[in-house]
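Peer 1: Contents of query.cif (mmCIF, C-alpha atoms and all ligand atoms):
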data_model
loop_
_atom_site.label_atom_id
_atom_site.label_comp_id
_atom_site.auth_asym_id
_atom_site.auth_seq_id
_atom_site.Cartn_x
_atom_site.Cartn_y
_atom_site.Cartn_z
CA MET W 85 44.97 7.13 -43.28
CA PRO W 86 45.89 4.45 -45.79
CA VAL W 87 47.17 2.04 -43.17
CA SER W 88 43.75 1.43 -41.68
CA SER W 89 41.95 1.09 -45.02
CA ALA W 90 42.40 -2.67 -45.30
CA SER W 91 39.44 -4.80 -44.33
CA PRO W 92 39.70 -7.10 -41.30
CA LEU W 93 41.47 -10.42 -41.51
CA PRO W 94 39.33 -13.02 -43.25
CA SER W 95 38.22 -16.02 -41.27
CA LYS W 96 40.48 -19.06 -41.20
CA LYS W 97 37.74 -21.17 -42.74
CA SER W 98 38.09 -19.60 -46.17
CA ASN W 99 41.80 -20.47 -46.25
CA ASN W 100 41.25 -24.13 -46.83
CA ARG W 101 40.11 -23.52 -50.36
CA LEU W 102 43.42 -22.14 -51.51
CA THR W 103 45.20 -23.20 -54.63
CA ILE W 104 48.70 -22.24 -55.66
CA PRO W 105 48.57 -18.79 -57.22
CA LEU W 106 50.16 -18.32 -60.62
CA GLY W 107 51.54 -14.87 -59.94
CA PRO W 108 52.32 -12.12 -60.51
CA GLN W 109 53.78 -11.63 -57.05
CA GLN W 110 55.60 -8.37 -57.49
CA LEU W 111 55.77 -7.27 -53.89
CA ILE W 112 58.25 -9.45 -52.06
CA ILE W 113 57.87 -9.10 -48.31
CA VAL W 114 61.02 -10.15 -46.47
CA THR W 115 60.39 -11.18 -42.88
CA GLY W 116 62.34 -12.72 -40.01
CA LEU W 117 63.61 -12.20 -36.50
CA PRO W 118 65.68 -9.11 -35.75
CA THR W 119 69.30 -9.44 -36.98
CA SER W 120 68.60 -12.77 -38.64
CA GLY W 121 70.06 -11.82 -42.02
CA LYS W 122 67.06 -10.18 -43.70
CA THR W 123 68.94 -7.25 -45.20
CA THR W 124 71.65 -9.57 -46.48
CA ARG W 125 69.07 -11.76 -48.23
CA ALA W 126 67.07 -8.75 -49.47
CA ARG W 127 70.21 -7.32 -51.09
CA GLN W 128 71.11 -10.67 -52.61
CA LEU W 129 67.60 -10.96 -54.00
CA HIS W 130 67.71 -7.41 -55.31
CA ASP W 131 70.99 -8.10 -57.12
CA TYR W 132 69.66 -11.39 -58.45
CA LEU W 133 66.49 -9.73 -59.77
CA ALA W 134 68.46 -6.89 -61.33
CA ALA W 135 70.55 -9.45 -63.20
CA ARG W 136 67.49 -11.44 -64.26
CA LEU W 137 65.73 -8.31 -65.48
CA ALA W 138 68.75 -7.45 -67.57
CA ASN W 139 68.82 -10.99 -68.92
CA PRO W 140 65.48 -12.76 -68.29
CA ASP W 141 66.59 -16.14 -69.62
CA PRO W 142 70.15 -16.84 -68.48
CA SER W 143 70.07 -20.34 -69.99
CA SER W 144 69.64 -19.01 -73.53
CA ASN W 145 72.70 -17.92 -75.44
CA SER W 146 71.18 -14.70 -76.69
CA THR W 147 73.00 -11.72 -75.28
CA PRO W 148 70.83 -9.17 -73.50
CA THR W 149 70.04 -6.07 -75.47
CA PRO W 150 71.05 -3.17 -73.30
CA ASN W 151 69.02 -0.58 -75.17
CA GLN W 152 65.73 -2.40 -74.84
CA PRO W 153 63.64 -0.91 -72.03
CA GLN W 154 63.22 -3.31 -69.13
CA LYS W 155 59.81 -4.68 -68.42
CA TYR W 156 59.98 -3.82 -64.73
CA ARG W 157 61.49 -1.23 -62.46
CA LEU W 158 63.09 -2.68 -59.37
CA HIS W 159 62.93 -1.13 -55.89
CA LEU W 160 64.42 -2.00 -52.54
CA ILE W 161 62.65 -0.45 -49.57
CA SER W 162 63.78 -0.85 -45.97
CA ASP W 163 63.84 0.97 -42.66
CA THR W 164 67.32 2.10 -43.58
CA THR W 165 66.28 3.59 -46.93
CA LEU W 166 63.49 5.42 -45.09
CA SER W 167 65.74 6.43 -42.17
CA ILE W 168 63.56 4.64 -39.63
CA SER W 169 65.38 4.01 -36.37
CA ARG W 170 65.34 0.66 -34.55
CA ALA W 171 64.10 2.61 -31.54
CA VAL W 172 60.59 2.87 -33.03
CA TYR W 173 60.06 -0.81 -32.19
CA ASP W 174 61.04 -0.32 -28.57
CA LEU W 175 58.03 -0.63 -26.32
CA SER W 176 59.78 -0.15 -23.00
CA PRO W 177 58.68 3.22 -21.58
CA SER W 178 61.95 3.82 -19.74
CA THR W 179 63.98 4.06 -22.94
CA LEU W 180 61.62 6.39 -24.77
CA PRO W 181 62.66 9.95 -25.38
CA ALA W 182 60.24 12.40 -23.81
CA HIS W 183 58.94 13.75 -27.13
CA VAL W 184 57.71 10.37 -28.37
CA ARG W 185 53.96 10.16 -27.81
CA SER W 186 53.92 6.46 -27.03
CA ALA W 187 55.91 3.49 -28.12
CA ASN W 188 53.11 2.11 -30.25
CA ALA W 189 52.55 5.45 -31.96
CA SER W 190 56.15 5.66 -33.15
CA GLU W 191 55.96 2.18 -34.64
CA LYS W 192 52.65 3.00 -36.30
CA ASP W 193 54.14 6.13 -37.83
CA ALA W 194 57.02 4.05 -39.13
CA ARG W 195 54.63 1.55 -40.68
CA ALA W 196 52.68 4.39 -42.29
CA ALA W 197 55.93 5.65 -43.83
CA VAL W 198 56.75 2.19 -45.18
CA TYR W 199 53.22 1.78 -46.47
CA ALA W 200 53.37 5.12 -48.27
CA ALA W 201 56.75 4.24 -49.79
CA VAL W 202 55.43 0.91 -51.10
CA LYS W 203 52.24 2.50 -52.39
CA ARG W 204 54.19 5.22 -54.18
CA VAL W 205 56.06 2.77 -56.40
CA LEU W 206 54.13 -0.50 -56.56
CA SER W 207 52.38 -1.12 -59.88
CA PRO W 208 52.16 -3.94 -62.42
CA ARG W 209 55.35 -2.46 -63.89
CA ASP W 210 57.32 -2.45 -60.66
CA ILE W 211 58.94 -5.05 -58.47
CA VAL W 212 59.40 -4.12 -54.82
CA VAL W 213 61.62 -5.96 -52.35
CA LEU W 214 60.46 -4.87 -48.91
CA ASP W 215 63.20 -5.54 -46.39
CA GLY W 216 62.13 -5.32 -42.75
CA LEU W 217 60.86 -7.19 -39.72
CA ASN W 218 57.32 -7.30 -41.19
CA TYR W 219 56.48 -9.34 -38.16
CA ILE W 220 52.80 -8.47 -37.67
CA LYS W 221 50.43 -10.71 -39.52
CA GLY W 222 47.80 -7.95 -39.88
CA TRP W 223 50.47 -5.73 -41.42
CA ARG W 224 51.40 -8.36 -43.99
CA TYR W 225 47.71 -8.64 -44.75
CA GLN W 226 47.48 -4.88 -45.36
CA LEU W 227 50.39 -5.09 -47.77
CA PHE W 228 48.73 -8.01 -49.52
CA CYS W 229 45.56 -5.91 -49.93
CA GLU W 230 47.55 -2.96 -51.22
CA ALA W 231 49.28 -5.15 -53.81
CA LYS W 232 45.92 -6.46 -54.92
CA ASN W 233 44.55 -2.92 -55.13
CA VAL W 234 47.17 -1.95 -57.67
CA GLY W 235 46.67 -5.11 -59.70
CA THR W 236 49.56 -7.23 -58.58
CA GLY W 237 50.28 -9.73 -55.83
CA CYS W 238 52.75 -10.39 -53.11
CA CYS W 239 54.85 -13.21 -51.75
CA VAL W 240 56.79 -13.66 -48.54
CA LEU W 241 60.46 -14.53 -48.16
CA GLN W 242 61.08 -15.69 -44.62
CA VAL W 243 64.65 -15.55 -43.39
CA GLY W 244 65.21 -18.15 -40.71
CA CYS W 245 68.01 -18.22 -38.22
CA GLY W 246 68.62 -19.73 -34.80
CA GLY W 247 67.86 -17.33 -31.96
CA ASP W 248 71.37 -17.51 -30.54
CA VAL W 249 73.00 -16.63 -33.85
CA ALA W 250 70.70 -13.64 -34.32
CA ARG W 251 71.26 -12.48 -30.75
CA GLY W 252 75.01 -12.77 -31.27
CA VAL W 253 74.81 -10.52 -34.35
CA ASN W 254 72.97 -7.87 -32.36
CA GLU W 255 75.41 -8.11 -29.48
CA ALA W 256 78.31 -7.72 -31.88
CA ARG W 257 76.66 -4.63 -33.32
CA LEU W 258 76.12 -3.20 -29.86
CA ALA W 259 79.75 -3.81 -28.98
CA ARG W 260 80.89 -2.28 -32.25
CA ARG W 261 78.77 0.79 -31.69
CA ASP W 262 80.13 1.26 -28.20
CA ALA W 263 83.69 0.83 -29.39
CA LYS W 264 83.06 3.25 -32.23
CA GLY W 265 81.60 5.81 -29.86
CA GLN W 266 84.77 5.77 -27.80
CA GLU W 267 86.95 5.88 -30.85
CA GLU W 268 85.13 8.83 -32.34
CA ALA W 269 85.65 10.76 -29.17
CA GLN W 270 89.38 10.36 -29.74
CA GLN W 271 89.88 10.27 -33.50
CA GLN W 272 88.36 9.56 -36.92
CA PRO W 273 86.45 6.26 -37.27
CA ASP W 274 88.47 3.68 -39.18
CA ALA W 275 87.34 2.15 -42.46
CA ALA W 276 86.61 -1.28 -40.99
CA ALA W 277 83.81 0.13 -38.88
CA ALA W 278 81.90 0.92 -42.07
CA VAL W 279 81.62 -2.78 -42.98
CA ASP W 280 78.61 -3.40 -40.73
CA ASP W 281 77.41 -0.10 -39.38
CA GLU W 282 73.73 -1.03 -39.08
CA GLU W 283 72.08 0.31 -35.98
CA PRO W 284 71.76 -2.33 -33.23
CA TYR W 285 68.63 -2.97 -31.18
CA THR W 286 68.80 -2.41 -27.45
CA PRO W 287 68.82 -5.88 -25.82
CA SER W 288 65.32 -5.48 -24.35
CA ASN W 289 63.95 -4.26 -27.68
CA TRP W 290 65.54 -7.23 -29.43
CA GLU W 291 64.12 -9.78 -26.96
CA ASN W 292 60.73 -8.18 -27.12
CA LEU W 293 60.63 -8.26 -30.92
CA VAL W 294 61.52 -11.95 -30.89
CA PHE W 295 58.66 -12.51 -28.47
CA ARG W 296 56.20 -10.48 -30.56
CA TYR W 297 57.21 -12.08 -33.87
CA GLU W 298 54.26 -13.58 -35.72
CA GLU W 299 55.47 -16.39 -37.95
CA PRO W 300 54.11 -16.36 -41.49
CA ASN W 301 51.47 -18.99 -42.03
CA PRO W 302 51.45 -20.39 -45.57
CA MET W 303 47.85 -21.45 -45.05
CA THR W 304 46.82 -17.84 -45.43
CA ARG W 305 46.54 -16.01 -48.73
CA TRP W 306 48.63 -13.08 -47.56
CA ASP W 307 51.57 -15.22 -46.47
CA SER W 308 51.75 -17.26 -49.62
CA PRO W 309 53.53 -18.26 -51.64
CA LEU W 310 56.01 -18.51 -48.80
CA PHE W 311 59.69 -18.94 -49.60
CA THR W 312 62.21 -19.73 -46.92
CA LEU W 313 65.94 -19.26 -46.64
CA ILE W 314 67.90 -20.11 -43.54
CA TRP W 315 71.25 -18.73 -42.40
CA GLU W 316 73.12 -21.87 -43.47
CA ASP W 317 71.70 -21.92 -47.00
CA GLY W 318 74.58 -21.66 -49.42
CA GLU W 319 74.83 -20.16 -52.87
CA ALA W 320 73.19 -23.01 -54.78
CA ARG W 321 70.21 -23.26 -52.47
CA THR W 322 69.81 -19.49 -52.38
CA ARG W 323 69.85 -19.36 -56.13
CA ALA W 324 67.25 -22.13 -56.37
CA VAL W 325 64.93 -20.24 -54.05
CA PHE W 326 65.48 -16.98 -55.93
CA ASP W 327 64.69 -18.82 -59.17
CA GLN W 328 61.36 -19.75 -57.64
CA VAL W 329 60.74 -16.19 -56.56
CA TRP W 330 61.49 -15.15 -60.11
CA ASP W 331 59.01 -17.68 -61.42
CA ALA W 332 56.41 -16.23 -59.05
CA LEU W 333 56.96 -12.80 -60.58
CA ALA W 334 55.33 -11.87 -63.81
CA GLY W 335 58.51 -12.41 -65.78
CA ASP W 336 58.68 -13.61 -69.37
CA ALA W 337 59.61 -16.96 -67.95
CA ARG W 338 56.53 -16.97 -65.77
CA LYS W 339 55.18 -20.37 -64.98
CA PRO W 340 53.19 -21.78 -62.11
CA VAL W 341 55.07 -22.00 -58.84
CA ARG W 342 55.74 -25.64 -58.22
CA PRO W 343 55.62 -26.72 -54.62
CA ASN W 344 58.79 -28.14 -53.19
CA GLN W 345 60.87 -27.62 -50.09
CA SER W 346 60.65 -23.87 -50.14
CA THR W 347 57.16 -23.33 -51.47
CA VAL W 348 54.66 -25.05 -49.36
CA GLN W 349 52.03 -27.37 -50.60
CA ARG W 350 48.61 -26.22 -49.59
CA ASP W 351 46.05 -28.87 -49.29
CA LYS W 352 42.41 -29.23 -48.40
CA ASP W 353 43.68 -31.15 -45.41
CA PRO W 354 45.72 -28.76 -43.29
CA GLY W 355 47.45 -31.78 -41.73
CA GLY W 356 49.17 -32.34 -45.07
CA ASP W 357 51.28 -29.21 -44.82
CA TYR W 358 54.75 -29.58 -43.40
CA LEU W 359 55.28 -26.06 -42.05
CA TYR W 360 51.84 -26.14 -40.57
CA VAL W 361 52.53 -29.47 -38.87
CA LEU W 362 55.86 -28.13 -37.62
CA GLU W 363 54.10 -25.12 -36.09
CA ARG W 364 51.20 -27.09 -34.69
CA GLU W 365 53.23 -29.86 -33.06
CA THR W 366 55.84 -27.57 -31.51
CA GLN W 367 53.14 -25.20 -30.22
CA ASP W 368 51.30 -28.15 -28.73
CA ILE W 369 54.41 -29.32 -26.90
CA VAL W 370 55.07 -25.84 -25.52
CA LYS W 371 51.48 -25.60 -24.35
CA ARG W 372 51.60 -29.00 -22.65
CA ILE W 373 54.88 -28.28 -20.91
CA LEU W 374 53.44 -25.09 -19.46
CA GLU W 375 50.28 -26.90 -18.34
CA ARG W 376 52.10 -29.84 -16.77
CA GLN W 377 54.65 -27.59 -15.16
CA ALA W 378 51.86 -25.66 -13.47
CA GLU W 379 50.28 -28.93 -12.29
CA GLU W 380 53.40 -30.85 -11.32
CA GLY W 381 55.84 -28.02 -10.62
CA GLY W 382 58.76 -29.10 -12.84
CA GLY W 383 60.96 -32.17 -12.90
CA GLU W 384 60.05 -34.71 -15.56
CA VAL W 385 57.07 -34.05 -17.76
CA SER W 386 55.50 -36.70 -19.99
CA LEU W 387 53.80 -35.78 -23.23
CA PRO W 388 51.92 -37.98 -25.66
CA ARG W 389 54.02 -38.97 -28.68
CA VAL W 390 51.03 -38.38 -30.92
CA ASN W 391 49.08 -35.14 -30.62
CA GLY W 392 45.76 -36.08 -28.97
CA GLY W 393 47.00 -39.62 -28.33
CA GLU W 394 46.71 -39.56 -24.54
CA GLY W 395 47.42 -42.89 -22.90
CA GLY W 396 49.68 -44.08 -25.71
CA GLU W 397 53.46 -43.91 -26.02
CA GLU W 398 55.04 -41.01 -24.21
CA LEU W 399 57.91 -38.59 -24.62
CA VAL W 400 59.71 -37.28 -21.55
CA VAL W 401 60.97 -33.73 -21.13
CA GLU W 402 63.37 -33.14 -18.29
CA LEU W 403 62.83 -29.63 -17.09
CA PRO W 404 65.66 -27.77 -15.38
CA GLY W 405 65.34 -27.09 -11.65
CA LYS W 406 63.96 -23.60 -12.16
CA LYS W 407 60.65 -22.77 -13.77
CA VAL W 408 60.66 -22.43 -17.55
CA GLY W 409 58.64 -19.51 -18.88
CA LEU W 410 56.72 -19.09 -22.11
CA PRO W 411 59.26 -16.65 -23.65
CA GLN W 412 62.09 -19.13 -23.12
CA LEU W 413 60.06 -22.02 -24.54
CA GLN W 414 58.96 -19.93 -27.50
CA ARG W 415 62.56 -18.97 -28.15
CA TYR W 416 63.60 -22.61 -28.26
CA ARG W 417 60.58 -23.40 -30.38
CA ARG W 418 61.40 -20.71 -32.92
CA ALA W 419 65.00 -21.80 -33.11
CA PHE W 420 63.87 -25.38 -33.67
CA VAL W 421 61.37 -24.28 -36.31
CA ALA W 422 64.04 -22.21 -38.06
CA LEU W 423 66.39 -25.19 -38.07
CA ASN W 424 63.81 -27.60 -39.40
CA ARG W 425 61.88 -25.40 -41.73
CA GLY W 426 64.04 -25.90 -44.77
CA GLY W 427 65.40 -29.36 -44.32
CA ILE W 428 62.65 -31.89 -44.70
CA GLY W 429 60.86 -32.74 -47.89
CA LEU W 430 57.12 -32.90 -48.19
CA GLU W 431 57.19 -36.65 -48.65
CA ALA W 432 57.88 -36.92 -44.91
CA VAL W 433 54.58 -35.26 -44.09
CA GLY W 434 51.84 -37.17 -42.39
CA LYS W 435 51.16 -38.74 -39.03
CA LEU W 436 54.59 -40.29 -38.97
CA ALA W 437 56.32 -36.98 -39.63
CA ALA W 438 54.30 -35.29 -36.89
CA GLY W 439 55.40 -37.97 -34.41
CA ARG W 440 59.02 -37.66 -35.50
CA LEU W 441 58.86 -33.88 -35.21
CA ARG W 442 57.55 -34.11 -31.67
CA GLU W 443 60.25 -36.55 -30.74
CA SER W 444 62.93 -34.42 -32.29
CA PHE W 445 61.65 -31.22 -30.64
CA VAL W 446 61.56 -32.91 -27.23
CA GLY W 447 65.14 -34.08 -27.80
CA TYR W 448 66.12 -30.55 -28.76
CA LEU W 449 64.50 -29.14 -25.61
CA ASN W 450 66.20 -31.70 -23.38
CA ASP W 451 69.58 -30.78 -24.86
CA ALA W 452 68.87 -27.09 -24.45
CA PHE W 453 67.74 -27.44 -20.82
CA GLU W 454 70.78 -29.53 -20.03
CA LYS W 455 73.08 -26.94 -21.56
CA ASP W 456 71.37 -24.06 -19.77
CA GLY W 457 70.78 -25.86 -16.52
P1 LIG W 501 68.92 -8.08 -40.43
O1 LIG W 501 68.65 -7.27 -41.65
O2 LIG W 501 67.95 -9.20 -40.24
O3 LIG W 501 69.08 -7.24 -39.20
P2 LIG W 501 71.53 -8.47 -41.62
O4 LIG W 501 71.24 -8.94 -42.99
O5 LIG W 501 71.89 -7.04 -41.47
O6 LIG W 501 70.33 -8.82 -40.63
O7 LIG W 501 72.66 -9.43 -41.07
C1 LIG W 501 73.26 -9.30 -39.84
C2 LIG W 501 74.70 -9.74 -39.91
O8 LIG W 501 74.79 -11.12 -40.15
C3 LIG W 501 75.50 -9.05 -40.99
O9 LIG W 501 76.77 -8.73 -40.47
C4 LIG W 501 75.61 -10.08 -42.08
O10 LIG W 501 76.83 -9.93 -42.76
C5 LIG W 501 75.55 -11.38 -41.32
N1 LIG W 501 74.82 -12.39 -42.08
C6 LIG W 501 73.56 -12.29 -42.52
N2 LIG W 501 73.15 -13.41 -43.14
C7 LIG W 501 74.18 -14.26 -43.08
C8 LIG W 501 74.39 -15.61 -43.52
N3 LIG W 501 73.41 -16.28 -44.18
N4 LIG W 501 75.56 -16.20 -43.27
C9 LIG W 501 76.53 -15.52 -42.61
N5 LIG W 501 76.41 -14.25 -42.17
C10 LIG W 501 75.26 -13.62 -42.40
MG MG W 502 68.05 -5.29 -41.74
#
How does the structure come out when it is put into structure tokens?
Ligand code: ADP
Ligand code: MG

Peer 2:
Amino acid sequence: MPVSSASPLPSKKSNNRLTIPLGPQQLIIVTGLPTSGKTTRARQLHDYLAARLANPDPSSNSTPTPNQPQKYRLHLISDTTLSISRAVYDLSPSTLPAHVRSANASEKDARAAVYAAVKRVLSPRDIVVLDGLNYIKGWRYQLFCEAKNVGTGCCVLQVGCGGDVARGVNEARLARRDAKGQEEAQQQPDAAAAVDDEEPYTPSNWENLVFRYEEPNPMTRWDSPLFTLIWEDGEARTRAVFDQVWDALAGDARKPVRPNQSTVQRDKDPGGDYLYVLERETQDIVKRILERQAEEGGGEVSLPRVNGGEGGEELVVELPGKKVGLPQLQRYRRAFVALNRGGIGLEAVGKLAAGRLRESFVGYLNDAFEKDG
């Protein structure tokens, strides 16, 4: 079984010696929350790459020669191209059809199908855009190993989006499907229904996938280089990120990937990495809220402004009357991370930035609790 052939995850210790790889990164793993815009970005990237392959240097005036064979073949692989249903990710036993062995087994079969599809085409002469949840870190590691096996590399494009926006997209799809079901019973489906006819997730499946999502960590070899696009990123920003993805590929214009807002600087000191600091500080706040809530039973919770700086300046979180659970806190945390992932330059990194991030996350939580409460 090819899926289990990858060796276990390497220890975190070895990750601190990383330097920016020079490519080629011909497997592009798209990842993100369910209904966060992954397929949209994957298609945009596919179209962009197709255009770049036809004309590798758009700044030069030379016209592309159509008869010249292209250096790479381009592939787009997704659950849809492999006819994998959203239901394979559903772990709730009540919604499983009787013939499915177990929820986990159906998802494993789906991953094996994706793995086989990638393996079939990936080579130093092929570029593969893999559109999907790709939410398990061990799975991304397996793909990384597979890419290495065939003599190429991989990179990750994370699509970020606030949880409420993504949930709204799924709800709209559910509503559309229900409406379409009724309509079909009466007459032919109309043309407008074909605009977004992607299969929705059942609400419990969607929530569960958000909860299970394992954020890419640019400190690891298999999640780097990590490129990020958020929902709000417009054409210019998208193009700039795609240009960097192109540079990470073994194109004629190949050059080292330069760290900036979307590629993350890796450093011997993990504290010098913005996305890492963002993850670490927000996780720490979630952890402390849960601890204090258990001790004090809600109300106001004080947290140190500086991680580990007990006894110093404090930040206050006002919890709503009812108990706040880990899933809810993680949802807010992910939304906050998605919002802040793209926006801040690396120059803001450091102790100061960590303090500001904590402050800003606490402010975000207070707003959210007030709105919900
Ligand atoms: P996923 O593949 O993650 O499930 P999709 O790419 O299918 O998500 O996008 C879900 C819906 O959101 C689609 O209707 C798409 O048109 C819309 N959408 C996706 N990305 C954006 C964006 N950046 N801005 C506005 N709408 C978007
Ligand atoms: Mg999709």

Peer 1: Ligand MG 502 (chain W): which residues are within 8 Å, counting only C-alpha atoms and all ligand atoms? Reply as a list in words.

Peer 2: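 Every residue with an atom at most 8 Å from ligand MG 502 (chain W) is listed here: Pro118, Thr119, Gly121, Lys122, Thr123, Thr124, Ser162, Asp163, Thr164, Asp215, Gly216, Leu217 and Glu282 of chain W.
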
Peer 1: Taking all atoms listed in the file and a cut-off of 10 Å, can you tell me which residues surround ligand LIG 501 (chain W), written as a VMD selection string?

Peer 2: chain W and resid 114 to 128 162 to 164 170 215 to 217 243 to 245 249 to 254 256 to 257 279 to 285 313 to 319 322

Peer 1: Calculate how many Å separate atom CA of Asp307 of chain W from atom CA of Leu166 of chain W, rounding to one decimal.

Peer 2: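 Separation between atom CA of Asp307 of chain W and atom CA of Leu166 of chain W: 23.9 Å.
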
Peer 1: Measuring atom to atom with only C-alpha atoms, identify which of W:Cys239, W:Ala419, W:Val294, W:Ile373 is nearest to Pro309 of chain W.

Peer 2: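 When distances to Pro309 of chain W are compared using only C-alpha atoms, the smallest one comes from W:Cys239.
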
Peer 1: Around all of segment 301-317 of chain W's listed atoms, make the axis-aligned box with 4 Å on each side and tell me centre and edge lengths in Å to one decimal, as AutoDock Vina command-line options.

Peer 2:
--center_x 59.8 --center_y -17.5 --center_z -46.8 --size_x 34.6 --size_y 16.8 --size_z 17.6

Peer 1: Taking into account all atoms listed in the file, which residue in the set W:Val390, W:Val205, W:Leu310, W:Val446 is nearest to Tyr416 of chain W?

Peer 2: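 Checking each candidate against Tyr416 of chain W, we get W:Val446 as the closest.
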
Peer 1: Out of W:Ile220, W:Arg209, W:Gln109, W:Pro287, which residue has the shortest atom-to-atom distance to Lys192 of chain W when counting all atoms listed in the file?

Peer 2: W:Ile220

Peer 1: Would you please work out which residue, of W:Glu402, W:Gln328, W:Arg415, W:Glu384, is nearest to Asp451 of chain W when using only C-alpha atoms?

Peer 2: W:Glu402

Peer 1: To one decimal in Å, tell me the separation between atom CA of Glu380 of chain W and atom CA of Arg364 of chain W.

Peer 2: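 Atom CA of Glu380 of chain W sits 23.8 Å away from atom CA of Arg364 of chain W.
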
Peer 1: Find, counting all atoms listed in the file, the residue in W:Pro208, W:Gly405, W:Pro388, W:Pro302 that gets nearest to Glu363 of chain W.

Peer 2: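 Ranked by minimum distance to Glu363 of chain W, first place goes to W:Pro302.
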
Peer 1: Please determine, counting all atoms listed in the file, which residue among W:Ser444, W:Phe326, W:Gly237, W:Arg260 has the shortest atom-to-atom distance to His130 of chain W.

Peer 2: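 Ranking W:Ser444, W:Phe326, W:Gly237, W:Arg260 by distance to His130 of chain W, first place goes to W:Phe326.
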
Peer 1: Calculate how many Å separate atom CA of Ser169 of chain W from atom CA of Ile211 of chain W, rounding to one decimal.

Peer 2: 24.7 Å
